[in-house]
$ cat work30.txt   # compact mmCIF, C-alpha atoms
# COMPACT_ATOMS: atom_id res chain seq x y z
CA MET A 23 0.00 0.00 0.00
CA ASN A 24 1.51 3.33 -1.05
CA LEU A 25 1.20 6.64 0.80
CA GLU A 26 -1.62 7.88 -1.35
CA ASP A 27 -3.76 4.87 -0.58
CA GLU A 28 -2.97 5.11 3.11
CA LEU A 29 -4.12 8.75 3.20
CA ARG A 30 -7.26 7.99 1.25
CA SER A 31 -8.08 5.22 3.69
CA ALA A 32 -7.42 7.38 6.74
CA LEU A 33 -9.44 10.35 5.51
CA ARG A 34 -12.40 8.50 4.11
CA ARG A 35 -15.86 9.68 5.06
CA LYS A 36 -17.37 7.98 8.08
CA GLU A 37 -20.97 8.28 9.19
CA PRO A 38 -21.40 9.01 12.92
CA SER A 39 -22.85 6.27 15.01
CA PRO A 40 -26.57 6.59 15.98
CA GLU A 41 -25.51 6.90 19.64
CA PHE A 42 -23.47 10.02 18.85
CA THR A 43 -26.53 12.03 17.80
CA GLU A 44 -28.44 10.81 20.84
CA ARG A 45 -25.58 11.76 23.15
CA VAL A 46 -25.37 15.29 21.72
CA LEU A 47 -29.13 15.86 21.96
CA ALA A 48 -29.21 14.55 25.53
CA ARG A 49 -26.39 16.90 26.54
CA VAL A 50 -28.11 19.90 24.95
CA ALA A 51 -31.39 19.09 26.72
CA GLY A 52 -29.62 18.72 30.05
CA ARG A 53 -27.83 22.09 29.91
CA PRO A 54 -29.63 24.78 31.98
CA LEU A 55 -31.07 27.55 29.86
CA ARG A 56 -29.62 31.06 30.25
CA ARG A 57 -31.96 33.06 32.37
CA ALA A 58 -33.44 36.15 30.79
CA SER A 59 -32.24 39.19 32.74
CA ARG A 60 -34.81 40.50 35.18
CA PRO A 61 -36.20 43.93 34.24
CA TRP A 62 -36.06 45.26 37.84
CA VAL A 63 -32.27 44.77 37.91
CA ARG A 64 -31.96 47.22 35.03
CA TRP A 65 -34.25 49.70 36.79
CA VAL A 66 -32.25 49.50 40.02
CA ALA A 67 -28.99 49.96 38.09
CA ALA A 68 -30.42 52.96 36.22
CA MET A 69 -31.71 54.52 39.45
CA ALA A 70 -28.39 53.96 41.22
CA ALA A 71 -26.57 55.60 38.31
CA SER A 72 -29.02 58.55 38.38
CA ILE A 73 -28.58 58.98 42.14
CA LEU A 74 -24.81 58.91 41.77
CA LEU A 75 -24.94 61.47 38.96
CA ALA A 76 -27.26 63.75 40.96
CA ALA A 77 -25.04 63.47 44.04
CA GLY A 78 -21.99 64.31 41.93
CA ALA A 79 -23.72 67.32 40.39
CA MET A 80 -24.84 68.52 43.85
CA GLY A 81 -21.32 68.12 45.19
CA TYR A 82 -19.88 70.08 42.30
CA ARG A 83 -22.50 72.81 42.75
CA GLN A 84 -21.60 73.00 46.45
CA TYR A 85 -17.91 73.29 45.57
CA GLN A 86 -18.63 76.00 42.98
CA GLY A 87 -20.77 77.93 45.46
CA GLU A 88 -18.19 77.78 48.26
CA ARG A 89 -15.47 78.84 45.84
CA ALA A 90 -17.57 81.73 44.49
CA ARG A 91 -18.34 82.81 48.06
CA SER A 92 -14.63 82.84 48.97
CA GLN A 93 -13.81 84.77 45.81
CA VAL A 94 -16.51 87.36 46.49
CA LEU A 95 -15.16 87.93 50.01
CA LEU A 96 -11.60 88.15 48.72
CA ALA A 97 -12.49 90.53 45.88
CA LEU A 98 -14.53 92.83 48.12
CA ARG A 99 -11.80 92.81 50.74
CA ILE A 100 -9.22 93.88 48.15
CA ALA A 101 -11.55 96.47 46.58
CA GLY A 102 -12.66 97.77 49.97
CA GLY A 103 -9.07 97.95 51.17
CA LYS A 104 -7.96 100.07 48.22
CA LEU A 105 -10.99 102.33 48.51
CA ASN A 106 -10.47 102.66 52.23
CA LYS A 107 -6.83 103.59 51.69
CA ALA A 108 -7.79 106.29 49.19
CA GLN A 109 -10.44 107.67 51.52
CA LYS A 110 -8.02 107.80 54.45
CA LYS A 111 -5.45 109.65 52.34
CA VAL A 112 -8.06 112.18 51.27
CA GLN A 113 -9.14 112.64 54.91
CA MET A 114 -5.51 113.08 56.00
CA LEU A 115 -4.92 115.66 53.28
CA ASN A 116 -8.12 117.49 54.23
CA ALA A 117 -7.09 117.51 57.90
CA ALA A 118 -3.61 118.80 57.03
CA HIS A 119 -5.12 121.47 54.80
CA ARG A 120 -7.47 122.57 57.61
CA ASN A 121 -4.59 122.72 60.10
CA ASN A 122 -2.49 124.82 57.74
CA SER A 123 -5.29 127.28 57.11
CA MET B 25 -39.96 104.70 11.09
CA LYS B 26 -36.32 105.61 10.44
CA THR B 27 -36.40 108.40 13.03
CA ALA B 28 -37.70 106.00 15.71
CA GLY B 29 -35.03 103.40 14.90
CA PHE B 30 -32.04 105.50 15.95
CA PRO B 31 -33.19 106.43 19.49
CA LEU B 32 -34.29 102.84 20.12
CA ALA B 33 -30.89 101.50 19.02
CA PHE B 34 -29.17 104.17 21.12
CA VAL B 35 -31.17 103.25 24.23
CA MET B 36 -30.44 99.55 23.66
CA PHE B 37 -26.71 100.23 23.22
CA ALA B 38 -26.61 102.49 26.28
CA GLY B 39 -28.32 99.79 28.34
CA LEU B 40 -25.82 97.23 27.14
CA ALA B 41 -22.84 99.50 27.81
CA ALA B 42 -24.07 100.26 31.33
CA GLY B 43 -23.71 96.64 32.33
CA GLN B 44 -20.36 95.97 30.70
CA GLN B 45 -17.12 95.20 32.43
CA VAL B 46 -13.88 97.02 31.70
CA LYS B 47 -11.72 94.87 29.47
CA TRP B 48 -8.27 95.57 30.88
CA ASN B 49 -5.33 94.72 28.63
CA TYR B 50 -3.03 93.27 31.25
CA GLU B 51 -1.44 90.30 29.45
CA LYS B 52 2.02 91.90 29.20
CA LEU B 53 1.94 92.89 32.84
CA ALA B 54 0.78 89.45 33.94
CA ALA B 55 3.80 87.93 32.22
CA ARG B 56 6.14 90.08 34.33
CA ALA B 57 4.41 89.51 37.68
CA SER B 58 5.77 87.04 40.20
CA ASP B 59 2.40 86.43 41.86
CA SER B 60 -1.11 87.30 40.84
CA VAL B 61 -4.64 87.15 42.18
CA ASP B 62 -7.39 86.81 39.65
CA VAL B 63 -11.07 87.02 40.55
CA ASP B 64 -13.63 86.79 37.76
CA LEU B 65 -17.21 86.60 38.94
CA ASP B 66 -20.03 87.20 36.51
CA GLY B 67 -23.69 87.64 37.43
CA SER B 68 -24.51 83.94 37.62
CA LEU B 69 -21.53 83.17 39.88
CA LEU B 70 -22.41 86.14 42.09
CA ARG B 71 -25.97 84.85 42.49
CA LEU B 72 -24.57 81.44 43.37
CA ALA B 73 -22.13 82.98 45.86
CA ALA B 74 -24.97 84.93 47.46
CA LYS B 75 -26.76 81.65 48.21
CA PHE B 76 -23.70 80.50 50.17
CA LEU B 77 -23.40 83.69 52.22
CA SER B 78 -25.10 83.43 55.58
CA SER B 79 -27.98 85.77 56.35
CA ASP B 80 -27.54 85.10 60.08
CA ASP B 81 -23.97 86.39 60.22
CA PRO B 82 -24.26 90.21 60.18
CA ASP B 83 -21.01 90.66 58.23
CA GLN B 84 -21.90 88.13 55.59
CA ALA B 85 -25.45 89.48 55.43
CA LYS B 86 -24.03 92.89 54.46
CA VAL B 87 -21.90 91.32 51.74
CA LYS B 88 -24.88 89.31 50.54
CA LYS B 89 -27.01 92.42 50.26
CA MET B 90 -24.26 94.22 48.36
CA VAL B 91 -23.62 91.35 45.97
CA GLU B 92 -27.23 90.61 45.10
CA GLY B 93 -27.61 93.63 42.81
CA LEU B 94 -24.23 93.29 41.12
CA LYS B 95 -23.59 92.02 37.61
CA GLY B 96 -19.90 91.28 37.97
CA ILE B 97 -16.81 91.60 40.15
CA TYR B 98 -13.40 91.49 38.48
CA VAL B 99 -10.18 91.92 40.46
CA LYS B 100 -6.59 91.51 39.28
CA THR B 101 -3.64 91.95 41.58
CA PHE B 102 -0.10 91.61 40.27
CA GLU B 103 2.86 91.38 42.61
CA PHE B 104 6.40 92.00 41.42
CA LYS B 105 9.69 90.90 42.89
CA SER B 106 11.23 94.37 42.77
CA PRO B 107 10.09 97.94 42.17
CA GLY B 108 10.21 99.25 38.62
CA GLU B 109 9.06 96.05 36.95
CA TYR B 110 6.11 97.93 35.54
CA SER B 111 6.24 101.47 34.21
CA PRO B 112 4.04 104.53 34.77
CA ALA B 113 3.08 104.11 31.11
CA ASP B 114 1.56 100.71 31.95
CA VAL B 115 -0.64 102.36 34.58
CA ASP B 116 -1.51 105.22 32.23
CA ALA B 117 -2.71 102.68 29.68
CA PHE B 118 -5.22 101.38 32.24
CA ARG B 119 -6.30 104.92 33.10
CA ALA B 120 -6.77 105.64 29.40
CA GLN B 121 -9.30 102.82 29.19
CA LEU B 122 -11.45 104.73 31.67
CA ARG B 123 -11.21 108.06 29.87
CA SER B 124 -14.71 108.04 28.47
CA PRO B 125 -17.84 110.07 29.20
CA GLU B 126 -19.45 107.22 31.10
CA TRP B 127 -16.65 107.06 33.71
CA GLN B 128 -15.89 109.78 36.22
CA ARG B 129 -12.77 109.91 38.38
CA ILE B 130 -13.80 110.79 41.93
CA VAL B 131 -10.52 110.23 43.78
CA GLY B 132 -6.94 110.42 42.62
CA VAL B 133 -4.35 110.02 45.35
CA HIS B 134 -0.71 110.19 44.33
CA SER B 135 1.94 109.84 47.01
CA LYS B 136 5.49 110.43 45.82
CA GLU B 137 6.87 109.61 49.25
CA GLU B 138 5.31 106.15 49.42
CA GLY B 139 5.19 105.66 45.67
CA GLU B 140 1.51 104.88 45.81
CA ASP B 141 -1.19 105.95 43.39
CA VAL B 142 -4.87 105.19 43.81
CA ASP B 143 -7.48 106.27 41.29
CA VAL B 144 -11.15 105.65 41.92
CA TYR B 145 -13.64 105.91 39.09
CA ILE B 146 -17.40 105.61 39.19
CA LYS B 147 -20.04 105.19 36.54
CA PRO B 148 -22.74 107.69 37.51
CA GLU B 149 -26.32 106.70 36.80
CA ALA B 150 -29.67 108.31 37.44
CA LYS B 151 -30.25 106.15 40.52
CA GLY B 152 -26.72 106.36 41.91
CA ILE B 153 -23.48 104.58 41.06
CA GLY B 154 -23.73 101.95 38.32
CA GLY B 155 -20.16 100.71 38.47
CA LEU B 156 -16.78 101.17 40.07
CA ALA B 157 -13.20 100.90 38.88
CA ILE B 158 -10.06 101.23 40.99
CA ILE B 159 -6.47 101.38 39.81
CA ALA B 160 -4.06 101.06 42.74
CA ALA B 161 -0.36 101.16 41.98
CA GLU B 162 2.30 100.48 44.59
CA PRO B 163 6.03 99.97 43.95
CA LYS B 164 5.74 96.20 43.94
CA GLU B 165 2.02 95.70 43.42
CA LEU B 166 -0.63 96.74 40.96
CA THR B 167 -4.35 96.18 41.54
CA LEU B 168 -7.19 96.61 39.09
CA VAL B 169 -10.76 96.43 40.33
CA ASN B 170 -13.94 96.59 38.33
CA ILE B 171 -17.35 96.17 39.93
CA VAL B 172 -20.29 96.14 37.53
CA GLY B 173 -23.67 97.15 38.89
CA PRO B 174 -25.03 99.39 41.63
CA ILE B 175 -22.57 99.73 44.50
CA ASP B 176 -22.54 101.59 47.79
CA LEU B 177 -19.04 103.02 48.28
CA ASP B 178 -19.36 103.49 52.03
CA SER B 179 -20.33 99.85 52.56
CA LEU B 180 -17.50 98.72 50.30
CA SER B 181 -14.99 100.91 52.09
CA GLU B 182 -16.09 99.35 55.36
CA LEU B 183 -15.15 95.95 53.98
CA GLY B 184 -11.54 97.01 53.70
CA GLY B 185 -11.44 98.82 57.01
CA HIS B 186 -12.87 97.75 60.33
CA PHE B 187 -15.34 95.35 58.80
CA ASN B 188 -14.33 91.90 59.91
CA ILE B 189 -13.99 89.70 56.88
CA PRO B 190 -12.10 86.55 57.70
CA GLU B 191 -8.73 85.98 56.11
CA LEU B 192 -9.10 83.79 53.09
CA GLU B 193 -6.93 81.38 51.26
CA VAL B 194 -5.71 83.61 48.49
CA GLU B 195 -5.42 81.74 45.23
CA LYS B 196 -2.12 83.04 44.05
CA LYS B 197 -0.62 82.01 40.78
CA LYS B 198 3.05 81.52 41.46
CA LYS B 199 5.37 82.05 38.57
$ encode --input "work30.txt" --output "structure tokens"
Amino acid sequence: MNLEDELRSALRRKEPSPEFTERVLARVAGRPLRRASRPWVRWVAAMAASILLAAGAMGYRQYQGERARSQVLLALRIAGGKLNKAQKKVQMLNAAHRNNS
Amino acid sequence: MKTAGFPLAFVMFAGLAAGQQVKWNYEKLAARASDSVDVDLDGSLLRLAAKFLSSDDPDQAKVKKMVEGLKGIYVKTFEFKSPGEYSPADVDAFRAQLRSPEWQRIVGVHSKEEGEDVDVYIKPEAKGIGGLAIIAAEPKELTLVNIVGPIDLDSLSELGGHFNIPELEVEKKKK
């Protein structure tokens, strides 16, 4: 028997045994079906995500507000300080002018 | 129809101009400063800030009342490592931006001895003061203030004097 004949013999078509089909069908029937996802799980996940987003937005708003408040106080303190300085100088000059005259 | 169009446009423009901030050209100066303080608060941020100011604290209540009518607060402070890092021409350029009929200089203090100049400008309106601008130049510091909206100068001056505003963490931009 030459190589070609050997290969032909080894690779020849074979029909599966009747038990093979039965075995496959039995295994498929025995496997538990994938459960369909429960709709309430999605709702809970969506609500949790919404709550987290809202909490994040509120936190950011709080941060922005506190920062704006600090900046207002700082800005008015600087502006008031400069204005106060100018006023005091004017008052000093007025007092000196009155004393001289 | 044409004759009515001009006054209407004029009134609209005047209304718009009344609420506008001074656009200082300070980029060159900012590049030379060693430290700077930059406060930019428009109307929406001021309204938000007002919500966070306590009405129970008498000091904060005063600030809250003052801020509620304002349309903007803009403050720039530049600090320099040594005197002479900005020129009188730089300060004059800022003053020139306020040389317009809508602004009126009410105080100009120039101290050669201390090297300090403070100029206070107001925007007079029918109901009082519609805006404030301050240019304060010291040897190693330059401050530009612009407050847009109705402001009471006495109350503001109190804030910088005996009025007890707590020390704040100044957001300084180190260079």
$ closest_residue --input "work30.txt" --among "A:Gly52, A:Gly81, A:Pro38, A:Gly87" --to "chain B" --atoms "all atoms listed in the file"
A:Gly87
$ closest_atom_pairs --input "work30.txt" --of "chain A" --to "chain B" --cutoff "6 Å" --atoms "only C-alpha atoms" --output "CSV"
residue,atom,partner,partner_atom,distance
A:Gly87,CA,B:Ala73,CA,5.2
A:Ala90,CA,B:Ala73,CA,4.9
A:Arg91,CA,B:Ala73,CA,4.4
A:Arg99,CA,B:Gly184,CA,5.1
A:Gly102,CA,B:Gly184,CA,4.0
A:Gly103,CA,B:Gly184,CA,3.7
A:Leu105,CA,B:Ser181,CA,5.6
A:Asn106,CA,B:Ser181,CA,4.8
$ atom_distance --input "work30.txt" --atom1 "atom CA of Leu33 of chain A" --atom2 "atom CA of Leu47 of chain A"
26.2 Å
$ closest_residue --input "work30.txt" --among "B:Lys47, B:Lys86, B:Arg56, B:Lys95" --to "Gly154 of chain B" --atoms "all atoms listed in the file"
B:Lys95
$ atom_distance --input "work30.txt" --atom1 "atom CA of Ile175 of chain B" --atom2 "atom CA of Asp80 of chain B"
21.9 Å
$ closest_residue --input "work30.txt" --among "B:Gln45, B:Glu92, B:Lys136, B:Ala57" --to "Val94 of chain A" --atoms "only C-alpha atoms"
B:Glu92
$ closest_residue --input "work30.txt" --among "B:Leu122, B:Val46, B:Val172, B:Leu166" --to "Gly108 of chain B" --atoms "only C-alpha atoms"
B:Leu166
$ atom_distance --input "work30.txt" --atom1 "atom CA of Ser111 of chain B" --atom2 "atom CA of Asn116 of chain A"
29.4 Å
